[in-house]
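Enquirer: Shown below is the structure under consideration.
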Amino acid sequence: MEVKPEFLAPLDNLTVTQGRDVSFTCVVNNLGQYRVAWIKSDSKAILAIHTHMVALNPRLSVTHNGHNTWKLHISHVQLNDSGSYMCQVNTDPMRHQSGNLDVVVPPDILNEHEPNTLEGGVANEAGNVQLVCQATGVPEPTVQWRRENGKDIVVRTEGREKQVVKLVEGERLVLNQVQRTDMGGYLCIASNGVPPSVSKRFDVQVNFPPNVKAGNQLVAAPVESHVLLQCIVEAFPTPLNGWHKHDGMKLYEGEKYTISEEKLNAYTWQLNLTVKNLHKGDFGPYICSSINALGKSDARIRLQELHLPPKPTTTPTPYVPSTVKQPRRKQHSHGKGHEVGKGGNGFNRDTYIHNHIQENDYLGSLSVHEGGPGGNQMVGANGATMGTGGGVMGAGAAGNGNGGLEKPRNTQMPAPVPSRQPHWILNNKSRAVDIFSRRRTVAFVSCCLLMIYGLLMLLTFT
């Protein structure tokens, strides 16, 4: 019994990028006297039989390993190579198996215009710009618009409503009522899943007349110094900038002036003017101007003299710390004009001792003493006295017989002197002296009365 050929593995479905090489592999066992042929299914064209090529296509070839494996090779695959391929054995009936080849093409952007030219890429401010980007590829690519450096795209409508987005999808990008801030690069990005994605840059230009602003309208600087004046210019296309004095004299680079420009973005420049070694004639207005095909503008900066204060020529007086003056002890008058009470003693020993100790302890304190027969006395900080009984006050004080208070002549309080001991101890000591004196007097009078009583009793019995 004859053994029929059989396929050991199906043909693979292949996907390949255009321009690369690809191969189909057909494995057949028990081939015997039969032959293997390769056929393009959609066109029914025979490509090869066994190891012999039938198609006149130099990019096609077949190989056999001498056993059971046949291969069909396609080099530099083109888009028209896509389709179904069949490995067939000429049995009766015929046996075959098929595999599909998909050729993909990465995206490409068509150049409809000459290099560096853009249809609708230039407009005056408040005009409209339309950008068109067409791309091809298999499968068909999608197109997105983005701005360079991640900037936002501003989409405006007829009602002046605007929408700020990061990307816009579609082959056309329409910018209505464009502003100077819309200037710059826009990227058309095409992708279809087949690497690599491709992009194309479109440059949007917005024309408008110059607008000049002074960095500071008033600048002050001293004589013999350098000063920098600055202006900001916005304009497109590129303007012609310059500096003038108020009398119209144009300023040029030289020993007196340094002039420079710095481009900040596509439509903004910073103008710098440095005036060196200022003198009286340099003060006054300066004008920075800018002009392009759409208009002219300027700004005025007034430079005025800055008067600095004169440098000090005198040396400062060294600081000398002040010393604290100790209060002087007050001298008490004990002579004429210092009488206390009627029939009182002109010199009160206890009062003198108390006043003397108190002044050394704390100036300004008040203490109470018993005076002579005329009444009690209170001695103040400046020698003022208050009496509770009648009497005549001496030259050092003006008294009130009913306890009036004399105001001291000097109302300024002297600085206190540190106390050697608390004044309440001194006051108690003074009072103890007064009590002892009283008790001694009472004892003396009692003794006298007892002696008189004894004498009377003795005279009575005799």
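Order determines the names: the first chain of the structure tokens is A, the second B, and so forth; residues in each chain are numbered 1 upward, and ligands are numbered 1 upward as they are shown.
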Find the residues near Met249 in chain A: any atom within 12 Å, counting only C-alpha atoms, skip ones fewer than 2 places away on the same chain, and give them as a compact mmCIF listing (two decimals) with C-alpha atoms, in the first residue's frame.

Expert:
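The result, stored in result-v1.txt:
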# COMPACT_ATOMS: atom_id res chain seq x y z
CA GLY A 242 18.45 102.01 18.35
CA TRP A 243 19.13 104.59 21.08
CA HIS A 244 18.89 108.39 20.85
CA LYS A 245 19.28 111.32 23.20
CA HIS A 246 16.45 113.81 23.69
CA ASP A 247 17.94 116.16 21.10
CA LEU A 251 24.12 106.89 20.05
CA TYR A 252 26.77 104.47 18.81
CA PRO A 285 16.05 111.91 28.64
CA TYR A 286 17.18 108.88 26.60
CA ILE A 287 15.00 107.27 23.89
CA CYS A 288 15.00 103.63 22.77

Enquirer: What are the closest atom pairs, with distances in Å to one decimal, for all residues of range 63-152 of chain A lying within 9 Å of range 177-186 of chain A? Consider only C-alpha atoms, order rows by chain and residue number, and present the result as a tab-separated table.

Expert:
residue	atom	partner	partner_atom	distance
A:Ala123	CA	A:Val178	CA	7.8
A:Asn124	CA	A:Val178	CA	7.9
A:Glu125	CA	A:Gln179	CA	5.4
A:Ala126	CA	A:Gln177	CA	4.0
A:Gly127	CA	A:Gln177	CA	4.8
A:Asn128	CA	A:Gln177	CA	5.5
A:Val129	CA	A:Val178	CA	7.3
A:Trp145	CA	A:Tyr186	CA	6.8
A:Arg146	CA	A:Tyr186	CA	5.8
A:Arg147	CA	A:Tyr186	CA	4.5
A:Glu148	CA	A:Gly185	CA	5.5
A:Asn149	CA	A:Gly185	CA	8.9

Enquirer: List the spatial neighbours of Asn265 in chain A as a short mmCIF file (atom, residue, chain, number, x, y, z; two decimals) with all heavy atoms, in the first residue's frame - criterion: any atom at most 10 Å away, only C-alpha atoms, same-chain residues fewer than 2 positions off excluded.

Expert:
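The file below, part.cif, is the result:
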data_model
loop_
_atom_site.label_atom_id
_atom_site.label_comp_id
_atom_site.auth_asym_id
_atom_site.auth_seq_id
_atom_site.Cartn_x
_atom_site.Cartn_y
_atom_site.Cartn_z
N MET A 183 2.92 82.32 18.11
CA MET A 183 4.08 82.12 17.24
C MET A 183 4.94 80.97 17.75
O MET A 183 4.98 80.66 18.93
CB MET A 183 4.93 83.40 17.19
CG MET A 183 4.30 84.53 16.41
SD MET A 183 5.41 85.96 16.30
CE MET A 183 6.79 85.26 15.42
N GLY A 184 5.62 80.33 16.79
CA GLY A 184 6.54 79.26 17.16
C GLY A 184 6.33 78.02 16.31
O GLY A 184 5.64 78.04 15.28
N GLU A 234 8.87 94.22 21.52
CA GLU A 234 8.14 93.11 20.91
C GLU A 234 7.76 93.53 19.49
O GLU A 234 7.11 94.56 19.30
CB GLU A 234 6.88 92.76 21.71
CG GLU A 234 7.19 92.16 23.08
CD GLU A 234 5.92 91.76 23.81
OE1 GLU A 234 4.82 92.04 23.30
OE2 GLU A 234 6.02 91.16 24.90
N GLU A 262 19.58 91.48 23.23
CA GLU A 262 19.45 90.07 23.59
C GLU A 262 18.06 89.59 23.16
O GLU A 262 17.05 90.15 23.58
CB GLU A 262 19.63 89.88 25.10
CG GLU A 262 19.49 88.44 25.56
CD GLU A 262 19.63 88.30 27.07
OE1 GLU A 262 19.90 89.32 27.74
OE2 GLU A 262 19.46 87.17 27.55
N LYS A 263 18.03 88.53 22.35
CA LYS A 263 16.76 87.99 21.86
C LYS A 263 16.21 87.03 22.90
O LYS A 263 16.83 86.00 23.22
CB LYS A 263 16.95 87.30 20.52
CG LYS A 263 15.65 86.91 19.85
CD LYS A 263 15.87 86.38 18.44
CE LYS A 263 14.55 86.09 17.75
NZ LYS A 263 14.75 85.61 16.35
N TYR A 267 9.87 86.89 19.11
CA TYR A 267 9.42 88.25 18.82
C TYR A 267 9.79 89.26 19.90
O TYR A 267 9.31 90.40 19.89
CB TYR A 267 7.89 88.27 18.63
CG TYR A 267 7.11 87.75 19.81
CD1 TYR A 267 6.71 88.61 20.83
CD2 TYR A 267 6.78 86.42 19.93
CE1 TYR A 267 6.01 88.15 21.92
CE2 TYR A 267 6.05 85.95 21.01
CZ TYR A 267 5.68 86.81 22.00
OH TYR A 267 4.98 86.34 23.08
N THR A 268 10.65 88.92 20.84
CA THR A 268 10.99 89.81 21.96
C THR A 268 12.49 90.00 22.05
O THR A 268 13.26 89.03 21.97
CB THR A 268 10.46 89.23 23.29
OG1 THR A 268 9.07 88.96 23.17
CG2 THR A 268 10.68 90.22 24.43
N TRP A 269 12.90 91.28 22.21
CA TRP A 269 14.30 91.63 22.38
C TRP A 269 14.45 92.52 23.61
O TRP A 269 13.56 93.31 23.95
CB TRP A 269 14.82 92.40 21.16
CG TRP A 269 15.00 91.57 19.93
CD1 TRP A 269 16.14 90.99 19.47
CD2 TRP A 269 13.97 91.23 18.98
NE1 TRP A 269 15.90 90.31 18.30
CE2 TRP A 269 14.57 90.44 17.98
CE3 TRP A 269 12.61 91.52 18.90
CZ2 TRP A 269 13.87 89.93 16.91
CZ3 TRP A 269 11.89 91.01 17.83
CH2 TRP A 269 12.51 90.23 16.85
#

Enquirer: Find the spatial neighbours of Ile49 in chain A, counting only C-alpha atoms, within a cut-off of 10 Å - ignore same-chain residues fewer than 4 positions away - and output them as a PDB file with all heavy atoms, in the first residue's frame.

Expert:
ATOM      1  N   ARG A  35       6.162  15.979  -6.074  1.00  0.00           N
ATOM      2  CA  ARG A  35       6.924  17.231  -6.065  1.00  0.00           C
ATOM      3  C   ARG A  35       6.150  18.307  -5.295  1.00  0.00           C
ATOM      4  O   ARG A  35       4.916  18.273  -5.199  1.00  0.00           O
ATOM      5  CB  ARG A  35       7.168  17.722  -7.504  1.00  0.00           C
ATOM      6  CG  ARG A  35       8.029  16.780  -8.312  1.00  0.00           C
ATOM      7  CD  ARG A  35       9.476  16.857  -7.814  1.00  0.00           C
ATOM      8  NE  ARG A  35      10.349  16.019  -8.628  1.00  0.00           N
ATOM      9  CZ  ARG A  35      10.699  14.770  -8.314  1.00  0.00           C
ATOM     10  NH1 ARG A  35      10.199  14.194  -7.240  1.00  0.00           N
ATOM     11  NH2 ARG A  35      11.533  14.085  -9.082  1.00  0.00           N
ATOM     12  N   VAL A  36       6.935  19.288  -4.766  1.00  0.00           N
ATOM     13  CA  VAL A  36       6.378  20.422  -4.004  1.00  0.00           C
ATOM     14  C   VAL A  36       6.416  21.651  -4.894  1.00  0.00           C
ATOM     15  O   VAL A  36       7.442  21.947  -5.528  1.00  0.00           O
ATOM     16  CB  VAL A  36       7.151  20.677  -2.703  1.00  0.00           C
ATOM     17  CG1 VAL A  36       6.660  21.950  -2.021  1.00  0.00           C
ATOM     18  CG2 VAL A  36       7.052  19.491  -1.777  1.00  0.00           C
ATOM     19  N   ALA A  37       5.307  22.370  -4.929  1.00  0.00           N
ATOM     20  CA  ALA A  37       5.226  23.602  -5.721  1.00  0.00           C
ATOM     21  C   ALA A  37       4.778  24.768  -4.817  1.00  0.00           C
ATOM     22  O   ALA A  37       4.038  24.581  -3.847  1.00  0.00           O
ATOM     23  CB  ALA A  37       4.256  23.427  -6.887  1.00  0.00           C
ATOM     24  N   TRP A  38       5.218  25.999  -5.169  1.00  0.00           N
ATOM     25  CA  TRP A  38       4.805  27.232  -4.461  1.00  0.00           C
ATOM     26  C   TRP A  38       3.949  28.053  -5.405  1.00  0.00           C
ATOM     27  O   TRP A  38       4.328  28.284  -6.560  1.00  0.00           O
ATOM     28  CB  TRP A  38       6.019  28.044  -4.030  1.00  0.00           C
ATOM     29  CG  TRP A  38       6.825  27.409  -2.933  1.00  0.00           C
ATOM     30  CD1 TRP A  38       7.936  26.670  -3.078  1.00  0.00           C
ATOM     31  CD2 TRP A  38       6.539  27.491  -1.534  1.00  0.00           C
ATOM     32  NE1 TRP A  38       8.408  26.250  -1.871  1.00  0.00           N
ATOM     33  CE2 TRP A  38       7.554  26.756  -0.881  1.00  0.00           C
ATOM     34  CE3 TRP A  38       5.539  28.065  -0.764  1.00  0.00           C
ATOM     35  CZ2 TRP A  38       7.597  26.590   0.510  1.00  0.00           C
ATOM     36  CZ3 TRP A  38       5.598  27.907   0.602  1.00  0.00           C
ATOM     37  CH2 TRP A  38       6.592  27.195   1.236  1.00  0.00           C
ATOM     38  N   ILE A  39       2.740  28.468  -4.895  1.00  0.00           N
ATOM     39  CA  ILE A  39       1.787  29.174  -5.729  1.00  0.00           C
ATOM     40  C   ILE A  39       1.309  30.421  -4.980  1.00  0.00           C
ATOM     41  O   ILE A  39       1.063  30.367  -3.762  1.00  0.00           O
ATOM     42  CB  ILE A  39       0.582  28.267  -6.083  1.00  0.00           C
ATOM     43  CG1 ILE A  39       1.066  27.032  -6.844  1.00  0.00           C
ATOM     44  CG2 ILE A  39      -0.467  29.015  -6.879  1.00  0.00           C
ATOM     45  CD1 ILE A  39      -0.003  25.989  -7.067  1.00  0.00           C
ATOM     46  N   MET A  53      12.754  27.588 -10.217  1.00  0.00           N
ATOM     47  CA  MET A  53      11.956  28.806 -10.190  1.00  0.00           C
ATOM     48  C   MET A  53      11.221  28.957 -11.518  1.00  0.00           C
ATOM     49  O   MET A  53      11.797  28.818 -12.604  1.00  0.00           O
ATOM     50  CB  MET A  53      12.817  30.041  -9.952  1.00  0.00           C
ATOM     51  CG  MET A  53      13.403  30.112  -8.567  1.00  0.00           C
ATOM     52  SD  MET A  53      12.110  30.199  -7.286  1.00  0.00           S
ATOM     53  CE  MET A  53      11.175  31.643  -7.794  1.00  0.00           C
ATOM     54  N   VAL A  54       9.922  29.272 -11.380  1.00  0.00           N
ATOM     55  CA  VAL A  54       9.107  29.515 -12.554  1.00  0.00           C
ATOM     56  C   VAL A  54       8.892  31.013 -12.752  1.00  0.00           C
ATOM     57  O   VAL A  54       9.006  31.512 -13.886  1.00  0.00           O
ATOM     58  CB  VAL A  54       7.753  28.791 -12.427  1.00  0.00           C
ATOM     59  CG1 VAL A  54       6.839  29.116 -13.614  1.00  0.00           C
ATOM     60  CG2 VAL A  54       7.963  27.279 -12.316  1.00  0.00           C
ATOM     61  N   VAL A  62      13.880  29.512  -3.932  1.00  0.00           N
ATOM     62  CA  VAL A  62      13.489  28.369  -3.108  1.00  0.00           C
ATOM     63  C   VAL A  62      14.725  27.596  -2.710  1.00  0.00           C
ATOM     64  O   VAL A  62      15.737  27.579  -3.435  1.00  0.00           O
ATOM     65  CB  VAL A  62      12.496  27.453  -3.850  1.00  0.00           C
ATOM     66  CG1 VAL A  62      11.152  28.133  -4.035  1.00  0.00           C
ATOM     67  CG2 VAL A  62      13.058  26.991  -5.184  1.00  0.00           C
ATOM     68  N   CYS A  87       1.713  26.145  -0.308  1.00  0.00           N
ATOM     69  CA  CYS A  87       2.651  25.041  -0.536  1.00  0.00           C
ATOM     70  C   CYS A  87       1.790  23.826  -0.958  1.00  0.00           C
ATOM     71  O   CYS A  87       0.948  23.347  -0.188  1.00  0.00           O
ATOM     72  CB  CYS A  87       3.440  24.741   0.724  1.00  0.00           C
ATOM     73  SG  CYS A  87       4.495  23.276   0.600  1.00  0.00           S
ATOM     74  N   GLN A  88       2.026  23.293  -2.189  1.00  0.00           N
ATOM     75  CA  GLN A  88       1.138  22.276  -2.758  1.00  0.00           C
ATOM     76  C   GLN A  88       1.953  21.041  -3.176  1.00  0.00           C
ATOM     77  O   GLN A  88       3.052  21.153  -3.709  1.00  0.00           O
ATOM     78  CB  GLN A  88       0.407  22.852  -3.963  1.00  0.00           C
ATOM     79  CG  GLN A  88      -0.490  21.874  -4.686  1.00  0.00           C
ATOM     80  CD  GLN A  88      -1.181  22.523  -5.860  1.00  0.00           C
ATOM     81  OE1 GLN A  88      -1.955  23.466  -5.692  1.00  0.00           O
ATOM     82  NE2 GLN A  88      -0.871  22.048  -7.066  1.00  0.00           N
ATOM     83  N   VAL A  89       1.368  19.839  -2.908  1.00  0.00           N
ATOM     84  CA  VAL A  89       1.958  18.558  -3.343  1.00  0.00           C
ATOM     85  C   VAL A  89       1.054  17.991  -4.432  1.00  0.00           C
ATOM     86  O   VAL A  89      -0.184  17.924  -4.275  1.00  0.00           O
ATOM     87  CB  VAL A  89       2.073  17.570  -2.165  1.00  0.00           C
ATOM     88  CG1 VAL A  89       2.663  16.239  -2.654  1.00  0.00           C
ATOM     89  CG2 VAL A  89       2.934  18.176  -1.069  1.00  0.00           C
TER      90      VAL A  89
END

Enquirer: Kindly assemble as a tab-separated table a list of the range 144-249 of chain A residues that lie within 7 Å of range 291-298 of chain A, each paired with its nearest atom pair and their distance in Å to one decimal, using only C-alpha atoms, sorted first by chain and then by ascending residue number.

Expert:
residue	atom	partner	partner_atom	distance
A:Phe208	CA	A:Leu294	CA	6.3
A:Pro209	CA	A:Leu294	CA	4.7
A:Pro210	CA	A:Ser297	CA	5.7
A:Asn211	CA	A:Ser297	CA	5.9
A:Val212	CA	A:Asp298	CA	5.5
A:Pro237	CA	A:Asn292	CA	6.8
A:Thr238	CA	A:Asn292	CA	6.8
A:Pro239	CA	A:Asn292	CA	4.5
A:Leu240	CA	A:Ile291	CA	5.3
A:Asn241	CA	A:Ile291	CA	6.6
